[in-house]
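Dumped start-v5.cif below, it's mmCIF, N, CA and C atoms:
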```cif
data_query
#
loop_
_atom_site.label_atom_id
_atom_site.label_comp_id
_atom_site.auth_asym_id
_atom_site.auth_seq_id
_atom_site.Cartn_x
_atom_site.Cartn_y
_atom_site.Cartn_z
N MET A 1 17.90 31.85 16.43
CA MET A 1 17.28 30.95 17.41
C MET A 1 17.83 29.53 17.22
N ALA A 2 18.14 28.86 18.30
CA ALA A 2 18.70 27.51 18.24
C ALA A 2 17.61 26.49 17.90
N THR A 3 18.01 25.47 17.21
CA THR A 3 17.13 24.35 16.89
C THR A 3 17.18 23.36 18.04
N GLU A 4 16.03 22.78 18.39
CA GLU A 4 16.02 21.70 19.37
C GLU A 4 16.34 20.41 18.63
N VAL A 5 17.45 19.76 19.01
CA VAL A 5 17.86 18.51 18.38
C VAL A 5 17.61 17.37 19.35
N ASN A 6 16.76 16.44 18.93
CA ASN A 6 16.39 15.29 19.75
C ASN A 6 17.06 14.04 19.20
N PHE A 7 17.87 13.39 20.03
CA PHE A 7 18.50 12.13 19.64
C PHE A 7 17.62 10.98 20.13
N TYR A 8 17.21 10.12 19.23
CA TYR A 8 16.41 8.94 19.57
C TYR A 8 17.28 7.70 19.40
N HIS A 9 17.64 7.11 20.54
CA HIS A 9 18.52 5.94 20.61
C HIS A 9 17.63 4.69 20.51
N LEU A 10 17.58 4.10 19.33
CA LEU A 10 16.74 2.93 19.08
C LEU A 10 17.41 1.68 19.63
N THR A 11 16.79 1.08 20.64
CA THR A 11 17.33 -0.16 21.20
C THR A 11 16.30 -1.29 21.15
N LYS A 12 15.02 -0.95 21.15
CA LYS A 12 13.97 -1.97 21.18
C LYS A 12 13.29 -2.17 19.83
N SER A 13 13.35 -1.18 18.97
CA SER A 13 12.66 -1.29 17.68
C SER A 13 13.52 -0.71 16.57
N SER A 14 13.07 -0.95 15.36
CA SER A 14 13.78 -0.45 14.18
C SER A 14 13.28 0.94 13.83
N LEU A 15 13.98 1.57 12.91
CA LEU A 15 13.53 2.85 12.38
C LEU A 15 12.13 2.71 11.79
N GLU A 16 11.88 1.61 11.10
CA GLU A 16 10.57 1.38 10.47
C GLU A 16 9.44 1.30 11.49
N ASP A 17 9.75 0.88 12.73
CA ASP A 17 8.74 0.84 13.79
C ASP A 17 8.58 2.20 14.47
N ALA A 18 9.69 2.87 14.73
CA ALA A 18 9.66 4.11 15.52
C ALA A 18 9.25 5.34 14.71
N LEU A 19 9.76 5.47 13.50
CA LEU A 19 9.55 6.68 12.71
C LEU A 19 8.08 6.98 12.43
N PRO A 20 7.27 6.01 12.01
CA PRO A 20 5.86 6.35 11.72
C PRO A 20 5.14 6.98 12.91
N ARG A 21 5.41 6.51 14.11
CA ARG A 21 4.75 7.09 15.30
C ARG A 21 5.19 8.53 15.52
N LEU A 22 6.48 8.80 15.32
CA LEU A 22 6.98 10.17 15.47
C LEU A 22 6.40 11.08 14.39
N LEU A 23 6.27 10.57 13.18
CA LEU A 23 5.69 11.36 12.10
C LEU A 23 4.21 11.63 12.35
N GLU A 24 3.49 10.64 12.88
CA GLU A 24 2.08 10.85 13.21
C GLU A 24 1.93 11.98 14.24
N LYS A 25 2.79 11.99 15.26
CA LYS A 25 2.75 13.05 16.27
C LYS A 25 3.07 14.41 15.65
N THR A 26 3.99 14.41 14.70
CA THR A 26 4.35 15.65 14.00
C THR A 26 3.13 16.21 13.27
N LEU A 27 2.44 15.36 12.53
CA LEU A 27 1.27 15.80 11.78
C LEU A 27 0.14 16.22 12.71
N GLN A 28 -0.03 15.50 13.82
CA GLN A 28 -1.06 15.88 14.81
C GLN A 28 -0.78 17.26 15.40
N ALA A 29 0.50 17.63 15.47
CA ALA A 29 0.89 18.95 15.99
C ALA A 29 0.77 20.03 14.91
N GLY A 30 0.33 19.64 13.72
CA GLY A 30 0.15 20.60 12.65
C GLY A 30 1.44 21.00 11.94
N GLU A 31 2.47 20.17 12.06
CA GLU A 31 3.77 20.46 11.46
C GLU A 31 4.00 19.59 10.23
N ARG A 32 4.96 20.02 9.40
CA ARG A 32 5.42 19.25 8.25
C ARG A 32 6.80 18.71 8.57
N ALA A 33 7.19 17.65 7.86
CA ALA A 33 8.49 17.02 8.13
C ALA A 33 9.22 16.68 6.85
N VAL A 34 10.54 16.76 6.94
CA VAL A 34 11.44 16.18 5.95
C VAL A 34 12.14 15.01 6.64
N VAL A 35 12.20 13.87 5.96
CA VAL A 35 12.91 12.70 6.46
C VAL A 35 14.12 12.50 5.55
N LEU A 36 15.32 12.73 6.11
CA LEU A 36 16.56 12.63 5.36
C LEU A 36 17.19 11.26 5.61
N LEU A 37 17.33 10.48 4.54
CA LEU A 37 17.85 9.12 4.64
C LEU A 37 19.16 8.99 3.87
N GLY A 38 19.83 7.86 4.05
CA GLY A 38 21.17 7.67 3.53
C GLY A 38 21.30 7.33 2.07
N SER A 39 20.22 6.90 1.41
CA SER A 39 20.34 6.48 0.01
C SER A 39 18.97 6.49 -0.66
N PRO A 40 18.95 6.53 -2.00
CA PRO A 40 17.67 6.47 -2.71
C PRO A 40 16.94 5.15 -2.46
N GLU A 41 17.70 4.08 -2.25
CA GLU A 41 17.07 2.78 -1.98
C GLU A 41 16.32 2.81 -0.64
N ARG A 42 16.91 3.46 0.35
CA ARG A 42 16.23 3.57 1.66
C ARG A 42 14.99 4.46 1.54
N VAL A 43 15.07 5.50 0.73
CA VAL A 43 13.89 6.35 0.51
C VAL A 43 12.77 5.51 -0.08
N ASP A 44 13.06 4.71 -1.11
CA ASP A 44 12.04 3.87 -1.74
C ASP A 44 11.47 2.85 -0.75
N ALA A 45 12.34 2.22 0.02
CA ALA A 45 11.89 1.21 0.98
C ALA A 45 11.00 1.84 2.06
N LEU A 46 11.40 2.98 2.59
CA LEU A 46 10.60 3.63 3.64
C LEU A 46 9.30 4.17 3.06
N ASN A 47 9.34 4.67 1.84
CA ASN A 47 8.14 5.16 1.18
C ASN A 47 7.11 4.03 1.10
N THR A 48 7.53 2.87 0.66
CA THR A 48 6.64 1.71 0.59
C THR A 48 6.15 1.32 1.98
N HIS A 49 7.05 1.29 2.94
CA HIS A 49 6.69 0.90 4.31
C HIS A 49 5.63 1.83 4.90
N LEU A 50 5.75 3.13 4.65
CA LEU A 50 4.79 4.08 5.24
C LEU A 50 3.38 3.92 4.66
N TRP A 51 3.28 3.33 3.49
CA TRP A 51 1.95 3.06 2.93
C TRP A 51 1.32 1.83 3.57
N THR A 52 2.13 0.93 4.12
CA THR A 52 1.60 -0.37 4.54
C THR A 52 1.72 -0.65 6.04
N PHE A 53 2.42 0.19 6.82
CA PHE A 53 2.70 -0.16 8.21
C PHE A 53 1.45 -0.24 9.08
N ASP A 54 0.40 0.50 8.75
CA ASP A 54 -0.82 0.49 9.55
C ASP A 54 -2.01 0.24 8.63
N PRO A 55 -2.57 -0.99 8.67
CA PRO A 55 -3.68 -1.30 7.78
C PRO A 55 -4.92 -0.46 8.06
N ASN A 56 -5.00 0.16 9.24
CA ASN A 56 -6.18 0.96 9.60
C ASN A 56 -5.92 2.46 9.54
N GLY A 57 -4.75 2.85 9.05
CA GLY A 57 -4.43 4.27 9.06
C GLY A 57 -3.79 4.72 7.76
N PHE A 58 -3.50 6.01 7.73
CA PHE A 58 -2.91 6.62 6.53
C PHE A 58 -1.97 7.72 6.99
N LEU A 59 -0.74 7.65 6.54
CA LEU A 59 0.25 8.68 6.86
C LEU A 59 0.64 9.35 5.53
N PRO A 60 0.10 10.55 5.27
CA PRO A 60 0.38 11.20 3.99
C PRO A 60 1.86 11.56 3.85
N HIS A 61 2.46 11.15 2.74
CA HIS A 61 3.88 11.39 2.51
C HIS A 61 4.20 11.23 1.03
N GLY A 62 5.40 11.62 0.65
CA GLY A 62 5.83 11.45 -0.72
C GLY A 62 7.33 11.62 -0.84
N SER A 63 7.83 11.37 -2.03
CA SER A 63 9.25 11.51 -2.35
C SER A 63 9.37 12.03 -3.78
N ALA A 64 10.59 12.18 -4.25
CA ALA A 64 10.81 12.70 -5.60
C ALA A 64 10.07 11.86 -6.64
N ARG A 65 9.97 10.57 -6.41
CA ARG A 65 9.26 9.69 -7.34
C ARG A 65 7.78 10.06 -7.45
N ASP A 66 7.21 10.58 -6.34
CA ASP A 66 5.79 10.96 -6.31
C ASP A 66 5.57 12.38 -6.83
N GLY A 67 6.58 13.25 -6.62
CA GLY A 67 6.47 14.63 -7.07
C GLY A 67 5.61 15.49 -6.15
N GLU A 68 5.34 16.71 -6.58
CA GLU A 68 4.51 17.67 -5.86
C GLU A 68 4.95 17.85 -4.41
N ALA A 69 6.23 18.09 -4.23
CA ALA A 69 6.81 18.20 -2.89
C ALA A 69 6.08 19.20 -2.01
N GLU A 70 5.70 20.34 -2.58
CA GLU A 70 5.07 21.38 -1.78
C GLU A 70 3.73 20.96 -1.19
N ARG A 71 3.12 19.91 -1.74
CA ARG A 71 1.84 19.42 -1.23
C ARG A 71 1.99 18.30 -0.21
N GLN A 72 3.21 17.80 -0.01
CA GLN A 72 3.44 16.64 0.85
C GLN A 72 3.72 17.07 2.29
N PRO A 73 2.92 16.62 3.26
CA PRO A 73 3.20 16.97 4.66
C PRO A 73 4.46 16.29 5.20
N VAL A 74 4.82 15.13 4.62
CA VAL A 74 6.05 14.42 4.98
C VAL A 74 6.79 14.14 3.67
N TRP A 75 8.05 14.61 3.59
CA TRP A 75 8.84 14.44 2.38
C TRP A 75 10.04 13.54 2.69
N LEU A 76 10.17 12.45 1.97
CA LEU A 76 11.28 11.52 2.13
C LEU A 76 12.33 11.82 1.06
N THR A 77 13.59 11.91 1.48
CA THR A 77 14.64 12.27 0.54
C THR A 77 16.00 11.76 1.00
N HIS A 78 16.94 11.70 0.08
CA HIS A 78 18.33 11.44 0.44
C HIS A 78 19.18 12.68 0.13
N HIS A 79 18.50 13.79 -0.22
CA HIS A 79 19.17 15.07 -0.47
C HIS A 79 18.90 16.01 0.71
N ASP A 80 19.83 16.89 1.00
CA ASP A 80 19.67 17.87 2.07
C ASP A 80 18.83 19.02 1.52
N GLU A 81 17.51 18.83 1.57
CA GLU A 81 16.57 19.78 0.97
C GLU A 81 15.32 19.92 1.84
N ASN A 82 14.56 20.97 1.60
CA ASN A 82 13.30 21.18 2.32
C ASN A 82 12.27 21.74 1.34
N PRO A 83 11.84 20.92 0.38
CA PRO A 83 10.93 21.43 -0.66
C PRO A 83 9.48 21.59 -0.21
N ASN A 84 9.13 21.07 0.96
CA ASN A 84 7.74 21.17 1.44
C ASN A 84 7.59 22.18 2.57
N GLY A 85 8.62 22.98 2.84
CA GLY A 85 8.52 24.01 3.86
C GLY A 85 8.37 23.46 5.27
N ALA A 86 9.02 22.33 5.56
CA ALA A 86 8.88 21.66 6.86
C ALA A 86 9.63 22.42 7.96
N ALA A 87 9.08 22.31 9.18
CA ALA A 87 9.76 22.86 10.36
C ALA A 87 10.48 21.76 11.14
N PHE A 88 10.16 20.49 10.85
CA PHE A 88 10.76 19.35 11.54
C PHE A 88 11.60 18.54 10.55
N LEU A 89 12.81 18.19 10.98
CA LEU A 89 13.73 17.38 10.18
C LEU A 89 14.02 16.08 10.93
N PHE A 90 13.83 14.95 10.26
CA PHE A 90 14.17 13.64 10.80
C PHE A 90 15.37 13.13 10.01
N VAL A 91 16.43 12.74 10.72
CA VAL A 91 17.65 12.27 10.07
C VAL A 91 17.91 10.83 10.53
N ALA A 92 18.14 9.94 9.57
CA ALA A 92 18.42 8.54 9.90
C ALA A 92 19.43 8.00 8.92
N ASP A 93 19.86 6.77 9.14
CA ASP A 93 20.83 6.09 8.26
C ASP A 93 22.16 6.85 8.18
N ARG A 94 22.49 7.60 9.22
CA ARG A 94 23.73 8.37 9.28
C ARG A 94 23.84 9.40 8.17
N ALA A 95 22.70 9.80 7.61
CA ALA A 95 22.68 10.92 6.67
C ALA A 95 23.07 12.18 7.44
N ARG A 96 23.44 13.22 6.72
CA ARG A 96 23.85 14.47 7.38
C ARG A 96 23.18 15.66 6.70
N SER A 97 22.78 16.62 7.54
CA SER A 97 22.21 17.85 7.03
C SER A 97 23.07 19.03 7.48
N GLU A 98 23.32 19.93 6.56
CA GLU A 98 24.03 21.18 6.88
C GLU A 98 23.03 22.29 7.17
N ARG A 99 21.73 21.94 7.18
CA ARG A 99 20.67 22.94 7.29
C ARG A 99 19.85 22.81 8.57
N VAL A 100 20.38 22.17 9.58
CA VAL A 100 19.64 21.93 10.81
C VAL A 100 19.11 23.24 11.40
N ALA A 101 19.89 24.30 11.31
CA ALA A 101 19.48 25.60 11.88
C ALA A 101 18.25 26.18 11.19
N ASP A 102 17.88 25.66 10.01
CA ASP A 102 16.70 26.14 9.29
C ASP A 102 15.41 25.54 9.82
N TYR A 103 15.51 24.59 10.73
CA TYR A 103 14.33 23.88 11.26
C TYR A 103 14.07 24.27 12.71
N LYS A 104 12.82 24.11 13.12
CA LYS A 104 12.45 24.33 14.51
C LYS A 104 12.97 23.17 15.37
N ARG A 105 12.78 21.94 14.85
CA ARG A 105 13.23 20.75 15.58
C ARG A 105 13.88 19.77 14.61
N CYS A 106 14.89 19.09 15.12
CA CYS A 106 15.57 18.03 14.38
C CYS A 106 15.54 16.76 15.23
N PHE A 107 15.31 15.64 14.58
CA PHE A 107 15.25 14.34 15.25
C PHE A 107 16.30 13.45 14.62
N GLU A 108 17.30 13.08 15.39
CA GLU A 108 18.36 12.17 14.93
C GLU A 108 18.01 10.78 15.47
N LEU A 109 17.70 9.85 14.59
CA LEU A 109 17.37 8.49 15.00
C LEU A 109 18.53 7.58 14.65
N PHE A 110 19.00 6.81 15.65
CA PHE A 110 20.14 5.93 15.39
C PHE A 110 19.97 4.60 16.09
N ASP A 111 20.54 3.57 15.47
CA ASP A 111 20.43 2.19 15.93
C ASP A 111 21.46 1.95 17.05
N GLY A 112 20.98 1.73 18.25
CA GLY A 112 21.84 1.50 19.41
C GLY A 112 22.59 0.19 19.35
N ARG A 113 22.22 -0.70 18.42
CA ARG A 113 22.91 -1.98 18.27
C ARG A 113 24.07 -1.89 17.29
N ASP A 114 24.25 -0.71 16.67
CA ASP A 114 25.31 -0.48 15.69
C ASP A 114 26.35 0.44 16.32
N GLU A 115 27.50 -0.14 16.70
CA GLU A 115 28.52 0.64 17.42
C GLU A 115 29.00 1.85 16.63
N ALA A 116 29.13 1.71 15.31
CA ALA A 116 29.57 2.83 14.48
C ALA A 116 28.53 3.95 14.50
N ALA A 117 27.25 3.58 14.46
CA ALA A 117 26.18 4.59 14.50
C ALA A 117 26.16 5.30 15.85
N VAL A 118 26.40 4.56 16.93
CA VAL A 118 26.44 5.17 18.27
C VAL A 118 27.62 6.15 18.36
N ALA A 119 28.78 5.75 17.88
CA ALA A 119 29.95 6.63 17.90
C ALA A 119 29.70 7.87 17.05
N ASP A 120 29.10 7.69 15.89
CA ASP A 120 28.77 8.82 15.01
C ASP A 120 27.80 9.78 15.71
N SER A 121 26.83 9.23 16.42
CA SER A 121 25.85 10.07 17.12
C SER A 121 26.51 10.87 18.24
N ARG A 122 27.49 10.29 18.90
CA ARG A 122 28.20 11.04 19.95
C ARG A 122 28.91 12.25 19.35
N GLU A 123 29.52 12.06 18.17
CA GLU A 123 30.20 13.18 17.49
C GLU A 123 29.19 14.25 17.07
N ARG A 124 28.05 13.81 16.56
CA ARG A 124 27.01 14.76 16.15
C ARG A 124 26.51 15.56 17.36
N TRP A 125 26.30 14.86 18.49
CA TRP A 125 25.86 15.51 19.72
C TRP A 125 26.80 16.67 20.06
N LYS A 126 28.10 16.38 20.06
CA LYS A 126 29.11 17.40 20.39
C LYS A 126 29.03 18.56 19.40
N ALA A 127 28.90 18.27 18.12
CA ALA A 127 28.85 19.31 17.09
C ALA A 127 27.60 20.18 17.25
N TYR A 128 26.47 19.57 17.53
CA TYR A 128 25.24 20.34 17.72
C TYR A 128 25.35 21.25 18.95
N LYS A 129 25.88 20.72 20.04
CA LYS A 129 26.07 21.53 21.25
C LYS A 129 27.02 22.69 20.98
N ALA A 130 28.11 22.41 20.28
CA ALA A 130 29.09 23.46 19.97
C ALA A 130 28.48 24.54 19.09
N ALA A 131 27.51 24.17 18.26
CA ALA A 131 26.84 25.13 17.38
C ALA A 131 25.74 25.90 18.10
N GLY A 132 25.51 25.57 19.38
CA GLY A 132 24.53 26.31 20.17
C GLY A 132 23.12 25.78 20.13
N HIS A 133 22.93 24.59 19.58
CA HIS A 133 21.58 24.00 19.55
C HIS A 133 21.24 23.38 20.91
N ALA A 134 19.96 23.33 21.23
CA ALA A 134 19.48 22.67 22.44
C ALA A 134 19.40 21.17 22.13
N VAL A 135 20.14 20.35 22.87
CA VAL A 135 20.23 18.93 22.56
C VAL A 135 19.55 18.11 23.64
N VAL A 136 18.70 17.16 23.21
CA VAL A 136 17.93 16.31 24.13
C VAL A 136 18.15 14.86 23.72
N TYR A 137 18.31 13.98 24.71
CA TYR A 137 18.56 12.56 24.46
C TYR A 137 17.37 11.75 24.93
N TRP A 138 16.86 10.89 24.07
CA TRP A 138 15.73 10.00 24.39
C TRP A 138 16.20 8.56 24.24
N GLN A 139 16.00 7.77 25.29
CA GLN A 139 16.37 6.35 25.23
C GLN A 139 15.12 5.50 25.23
N GLN A 140 15.13 4.48 24.40
CA GLN A 140 14.00 3.58 24.30
C GLN A 140 14.05 2.58 25.45
N THR A 141 12.93 2.46 26.18
CA THR A 141 12.84 1.52 27.28
C THR A 141 11.63 0.61 27.04
N ASP A 142 11.40 -0.31 27.97
CA ASP A 142 10.24 -1.19 27.84
C ASP A 142 8.93 -0.41 27.95
N ARG A 143 8.97 0.77 28.58
CA ARG A 143 7.77 1.58 28.77
C ARG A 143 7.60 2.65 27.70
N GLY A 144 8.53 2.74 26.78
CA GLY A 144 8.45 3.77 25.74
C GLY A 144 9.72 4.60 25.73
N TRP A 145 9.58 5.89 25.39
CA TRP A 145 10.74 6.78 25.31
C TRP A 145 10.93 7.50 26.61
N GLU A 146 12.18 7.50 27.10
CA GLU A 146 12.52 8.18 28.35
C GLU A 146 13.55 9.26 28.06
N LYS A 147 13.24 10.47 28.51
CA LYS A 147 14.16 11.59 28.34
C LYS A 147 15.27 11.45 29.35
N LYS A 148 16.51 11.56 28.88
CA LYS A 148 17.68 11.43 29.76
C LYS A 148 18.43 12.75 29.79
N ALA A 149 19.20 12.94 30.84
CA ALA A 149 19.99 14.18 30.98
C ALA A 149 21.21 14.14 30.09
#
```

Please go through the file and, once you have read it, give me the structure as structure tokens.
Amino acid sequence: MATEVNFYHLTKSSLEDALPRLLEKTLQAGERAVVLLGSPERVDALNTHLWTFDPNGFLPHGSARDGEAERQPVWLTHHDENPNGAAFLFVADRARSERVADYKRCFELFDGRDEAAVADSRERWKAYKAAGHAVVYWQQTDRGWEKKA
């Protein structure tokens, strides 16, 4: 079965603004997530950010530093792994996963203000399509996310 790969073209906000909302929707849908980032420093920074981004809310998550991966609904990592049995994979910072087919859905988030990231995303799009995955493009607008053809 093909994985649905959703490209999120960030033009109005940063990963730190967009990702928590997508993760909240994931948890509301009863799913688990792996967030694959480009470096251990980014994992640490995002881990801290997810504890503080909403003073009135709580987004349960963890990383290798926290341990107990199997108990974490959202797992932050810079390794291509799925220790919490997630069905959703979020990829950012131009990290790469060779295991996309193991997930129900994959979310590629990229900075539209970074020309190299945009070019890299175009190559990924082609590779996912060639591998038979269902590919969807979402562009950020003033009204929110708009699905594009």

key: Of the listed residues A:Ala117, A:Pro60, A:Gln140, A:Lys104, that which approaches Glu4 of chain A most closely, counting all atoms listed in the file   = A:Lys104

key: Selection under test: the PyMOL selection byres ((chain A and resi 5) around 7); residues as a PyMOL selection string   = chain A and resi 2-4+6-7+104-108+133-137

Can those selected residues be exported to a file as a compact mmCIF listing (two decimals), in the coordinates of the input so that it contains N, CA and C atoms?
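Final output, selection-v2.txt:
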```txt
# COMPACT_ATOMS: atom_id res chain seq x y z
N ALA A 2 18.14 28.86 18.30
CA ALA A 2 18.70 27.51 18.24
C ALA A 2 17.61 26.49 17.90
N THR A 3 18.01 25.47 17.21
CA THR A 3 17.13 24.35 16.89
C THR A 3 17.18 23.36 18.04
N GLU A 4 16.03 22.78 18.39
CA GLU A 4 16.02 21.70 19.37
C GLU A 4 16.34 20.41 18.63
N ASN A 6 16.76 16.44 18.93
CA ASN A 6 16.39 15.29 19.75
C ASN A 6 17.06 14.04 19.20
N PHE A 7 17.87 13.39 20.03
CA PHE A 7 18.50 12.13 19.64
C PHE A 7 17.62 10.98 20.13
N LYS A 104 12.82 24.11 13.12
CA LYS A 104 12.45 24.33 14.51
C LYS A 104 12.97 23.17 15.37
N ARG A 105 12.78 21.94 14.85
CA ARG A 105 13.23 20.75 15.58
C ARG A 105 13.88 19.77 14.61
N CYS A 106 14.89 19.09 15.12
CA CYS A 106 15.57 18.03 14.38
C CYS A 106 15.54 16.76 15.23
N PHE A 107 15.31 15.64 14.58
CA PHE A 107 15.25 14.34 15.25
C PHE A 107 16.30 13.45 14.62
N GLU A 108 17.30 13.08 15.39
CA GLU A 108 18.36 12.17 14.93
C GLU A 108 18.01 10.78 15.47
N HIS A 133 22.93 24.59 19.58
CA HIS A 133 21.58 24.00 19.55
C HIS A 133 21.24 23.38 20.91
N ALA A 134 19.96 23.33 21.23
CA ALA A 134 19.48 22.67 22.44
C ALA A 134 19.40 21.17 22.13
N VAL A 135 20.14 20.35 22.87
CA VAL A 135 20.23 18.93 22.56
C VAL A 135 19.55 18.11 23.64
N VAL A 136 18.70 17.16 23.21
CA VAL A 136 17.93 16.31 24.13
C VAL A 136 18.15 14.86 23.72
N TYR A 137 18.31 13.98 24.71
CA TYR A 137 18.56 12.56 24.46
C TYR A 137 17.37 11.75 24.93
```

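Ranking A:Val100, A:Leu109, A:Leu10, A:Ala92 by their shortest atom-to-atom distance to Ser39 of chain A, with all atoms listed in the file included, puts A:Ala92 first.
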
request  = Run the PyMOL selection byres (((chain A and resi 71-73 and name CA) around 6) and name CA) mentally over the shown coordinates, then write out the matched residues as a list in words, using the chain letters and numbers from the document.
outcome  = Arg32, His61, Gly62, Glu68, Ala69, Glu70 and Val74 of chain A

ask   = Hey, can you check how far atom CA of Asp102 of chain A sits from atom CA of Ala33 of chain A?
value =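 Separation between atom CA of Asp102 of chain A and atom CA of Ala33 of chain A: 12.3 Å.
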
Which of chain A DSSP labels strand (DSSP E), written as number ranges by chain = A: 4-10, 33-36, 62-63, 74-77, 88-91, 105-111, 134-141, 144-148

key: All alpha helix (DSSP H) positions in segment 92-132 of chain A, as a list of chain:residue names   = A:Glu115, A:Ala116, A:Ala117, A:Val118, A:Ala119, A:Asp120, A:Ser121, A:Arg122, A:Glu123, A:Arg124, A:Trp125, A:Lys126, A:Ala127, A:Tyr128, A:Lys129, A:Ala130

Residues just named, written with N, CA and C atoms as an mmCIF file, keeping the file's coordinate frame:
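selection.cif was written with the following content:
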```
data_model
loop_
_atom_site.group_PDB
_atom_site.id
_atom_site.type_symbol
_atom_site.label_atom_id
_atom_site.label_comp_id
_atom_site.auth_asym_id
_atom_site.auth_seq_id
_atom_site.Cartn_x
_atom_site.Cartn_y
_atom_site.Cartn_z
ATOM 1 N N GLU A 115 27.500 -0.140 16.700
ATOM 2 C CA GLU A 115 28.520 0.640 17.420
ATOM 3 C C GLU A 115 29.000 1.850 16.630
ATOM 4 N N ALA A 116 29.130 1.710 15.310
ATOM 5 C CA ALA A 116 29.570 2.830 14.480
ATOM 6 C C ALA A 116 28.530 3.950 14.500
ATOM 7 N N ALA A 117 27.250 3.580 14.460
ATOM 8 C CA ALA A 117 26.180 4.590 14.500
ATOM 9 C C ALA A 117 26.160 5.300 15.850
ATOM 10 N N VAL A 118 26.400 4.560 16.930
ATOM 11 C CA VAL A 118 26.440 5.170 18.270
ATOM 12 C C VAL A 118 27.620 6.150 18.360
ATOM 13 N N ALA A 119 28.780 5.750 17.880
ATOM 14 C CA ALA A 119 29.950 6.630 17.900
ATOM 15 C C ALA A 119 29.700 7.870 17.050
ATOM 16 N N ASP A 120 29.100 7.690 15.890
ATOM 17 C CA ASP A 120 28.770 8.820 15.010
ATOM 18 C C ASP A 120 27.800 9.780 15.710
ATOM 19 N N SER A 121 26.830 9.230 16.420
ATOM 20 C CA SER A 121 25.850 10.070 17.120
ATOM 21 C C SER A 121 26.510 10.870 18.240
ATOM 22 N N ARG A 122 27.490 10.290 18.900
ATOM 23 C CA ARG A 122 28.200 11.040 19.950
ATOM 24 C C ARG A 122 28.910 12.250 19.350
ATOM 25 N N GLU A 123 29.520 12.060 18.170
ATOM 26 C CA GLU A 123 30.200 13.180 17.490
ATOM 27 C C GLU A 123 29.190 14.250 17.070
ATOM 28 N N ARG A 124 28.050 13.810 16.560
ATOM 29 C CA ARG A 124 27.010 14.760 16.150
ATOM 30 C C ARG A 124 26.510 15.560 17.360
ATOM 31 N N TRP A 125 26.300 14.860 18.490
ATOM 32 C CA TRP A 125 25.860 15.510 19.720
ATOM 33 C C TRP A 125 26.800 16.670 20.060
ATOM 34 N N LYS A 126 28.100 16.380 20.060
ATOM 35 C CA LYS A 126 29.110 17.400 20.390
ATOM 36 C C LYS A 126 29.030 18.560 19.400
ATOM 37 N N ALA A 127 28.900 18.270 18.120
ATOM 38 C CA ALA A 127 28.850 19.310 17.090
ATOM 39 C C ALA A 127 27.600 20.180 17.250
ATOM 40 N N TYR A 128 26.470 19.570 17.530
ATOM 41 C CA TYR A 128 25.240 20.340 17.720
ATOM 42 C C TYR A 128 25.350 21.250 18.950
ATOM 43 N N LYS A 129 25.880 20.720 20.040
ATOM 44 C CA LYS A 129 26.070 21.530 21.250
ATOM 45 C C LYS A 129 27.020 22.690 20.980
ATOM 46 N N ALA A 130 28.110 22.410 20.280
ATOM 47 C CA ALA A 130 29.090 23.460 19.970
ATOM 48 C C ALA A 130 28.480 24.540 19.090
#
```
